[in-house]
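J.: Structure provided below as structure tokens; questions to follow.
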Amino acid sequence: MTLRSRYISLITVSIALIVYNIALLYAFANFNINLYIKIVSIVLNVPLLISALVGVIRNYQQCVRWVLCISALLAIASICYHIVLKYDLISKFDSTEKVQAFLSKYGAYAGIIFIVIQFLQVTIVPLPAAITTLAGVALFGFWPTFFYSVVGMMIGSMLAFYLGRKFGVKLIIWLFGKSAYDKYVKFTQGKDKIVLTLMFLFPFFPDDLLCIVAGITDMKYWQFFIIMLITRPLNILILEGALKGFSSIPLTGYGIPIWIAIIAVALIAVVLAFKYSNKLEKALLSLFDKISSKIKRNDKVKLKDIYSQSKSCYDKNNIIK
């Protein structure tokens, strides 16, 4: 890095931290925020400023880039946090009943609004899919909710994948370097499709991040589209069918070990899928080959029957005299 670029980086970090502190102080003054959150938020300034100064003085390129990225994210997060608190957005959409009440205001356009919500849920807004899906089932019914959710989530997933491919790869290379990215791609090659497919089936993993991560891998657009075409409908069906059972498990008392066990099973399944992904992929390919060969064999048998029947029409014994 040149001396000029180092100074520009230091100024950018300083501006980002100023914005971060202004947004936080305004939120602290106007809203009732936990004391520990205030302390942690203020203390974060110190390591970032020290890292920025050391990186600029010593010309540690990667260190400066990391501090730039973190300070910018903190500034954006603090502004978003202030907006959420100001308009009380969490309490407006924290239950199925509230989402249902919000959708019912739009009458005939409620279906379009629900598609937009499912689209945003995958891309920008961190709304739990469980809440929005349950609200849709209560308002529209099972199959309309299924259709609306598939449309909204498919569009959102493809957009998130595009963002991961367009900007995520550049960001990873910028932060870690080209060699580190090449090692990552080599490490995940052949494992990404199986593991991501399994993770998309579980409702515990963040969909938006998974789609962006998929974009960072060497997966092609059509491969990701097929995975979404398989997993999204299944995921929604699982949510709609099993959500009532999940909603009956409390988040306190005896429900805590149950939730820990469910999440542990999901994580173990993902780890095993990653470890044995090559074997799973070979098993799936061989299964597809067997199915396709069976279909081809059946088609050949049918063609033989048709041919023998057509041939029998010209048999002398079948000719009407």
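For the structure tokens, the naming scheme is as follows: chains receive sequential letters (A, B, ...) according to their order of presentation, residues are indexed from 1 within each chain, and ligands are indexed from 1 in presentation order.
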Do you know which residues are at most 10 Å from A:Leu175 counting only C-alpha atoms, after dropping those on the same chain fewer than 4 positions away, and could you put them as a ChimeraX atom specification?

T.: /A:61-66,69,169-171,180-181

J.: Stretch 206-211 of chain A: which residues within 6 Å, counting only C-alpha atoms, same-chain residues fewer than 3 positions away excluded, as a list in words?

T.: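 Here the qualifying residues turn out to be Val122, Thr123, Ser157, Ala160, Phe161 and Ala214 of chain A.
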
J.: Using only C-alpha atoms, pick whichever of A:Ala75, A:Ile124, A:Ile18, A:Leu68 has the shortest atom-to-atom distance to A:Met153.

T.: A:Ile124

J.: Pick from A:Leu85, A:Val265, A:Ile256, A:Ile216: nearest to A:Ala29, with only C-alpha atoms counted?

T.: A:Leu85

J.: Select, from A:Ile258, A:Val84, A:Arg58, A:Met158, the residue with the minimum atom-to-atom distance to A:Leu229, counting only C-alpha atoms.

T.: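 Closest candidate: A:Met158.
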
J.: Considering only C-alpha atoms, return as a list in words whatever protein or nucleic-acid residues lie within 8 Å of A:Tyr148, sequence-local ones (same chain, fewer than 3 positions apart) excluded.

T.: Gly111, Ile112, Phe114, Ile115, Pro144, Thr145, Val151 and Gly152 of chain A

J.: Within 12 Å of A:Leu10, counting only C-alpha atoms, which residues qualify if same-chain residues fewer than 6 places away don't, as a list in words?

T.: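 In the requested format, the answer is Leu3, Arg4, Ala16, Leu17, Leu48, Leu49, Ile50, Ser51, Ala52, Leu53, Val54, Gly55, Val56, Ile57, Asn59, Gln61, Cys63, Val64, Arg65, Val67, Leu68 and Ser71 of chain A.
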
J.: From the options A:Met154, A:Thr197, A:Leu44, A:Asp218, which residue's atoms come nearest to A:Asp182, counting only C-alpha atoms?

T.: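 Nearest candidate to A:Asp182 out of A:Met154, A:Thr197, A:Leu44, A:Asp218: A:Asp218.
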
J.: Using only C-alpha atoms, pick whichever of A:Ile37, A:Ala261, A:Val125, A:Ile79 has the shortest atom-to-atom distance to A:Gly156.

T.: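 Among A:Ile37, A:Ala261, A:Val125, A:Ile79, it is A:Val125 that comes nearest to A:Gly156.
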
J.: List every residue of stretch 26-249 of chain A that DSSP, applied to the backbone of this structure, assigns to helix (DSSP H, G or I), and report them as JSON, numbers by chain.

T.: {"A": [26, 27, 28, 29, 30, 35, 36, 37, 38, 39, 40, 41, 42, 43, 45, 46, 47, 48, 49, 50, 51, 52, 53, 54, 55, 56, 57, 58, 61, 62, 63, 64, 65, 66, 67, 68, 69, 70, 71, 72, 73, 74, 75, 76, 77, 78, 79, 80, 81, 82, 83, 84, 85, 86, 87, 89, 90, 91, 92, 96, 97, 98, 99, 100, 101, 102, 103, 104, 107, 108, 109, 110, 111, 112, 113, 114, 115, 116, 117, 118, 119, 120, 121, 122, 123, 129, 130, 131, 132, 133, 134, 135, 136, 137, 138, 139, 140, 142, 143, 144, 145, 146, 147, 148, 149, 150, 151, 152, 153, 154, 155, 156, 157, 158, 159, 160, 161, 162, 163, 164, 165, 166, 167, 168, 169, 170, 171, 172, 173, 174, 175, 176, 178, 179, 180, 181, 182, 183, 184, 185, 186, 187, 188, 192, 193, 194, 195, 196, 197, 198, 199, 200, 201, 207, 208, 209, 210, 211, 212, 213, 214, 215, 216, 221, 222, 223, 224, 225, 226, 227, 228, 229, 230, 231, 232, 233, 234, 235, 236, 237, 238, 239, 240, 241, 242, 243, 244, 245, 246, 247]}

J.: Pick the closest to A:Ser14 from A:Ile33, A:Ala72, A:Val213, A:Ile260: which is it, counting only C-alpha atoms?

T.: A:Ala72
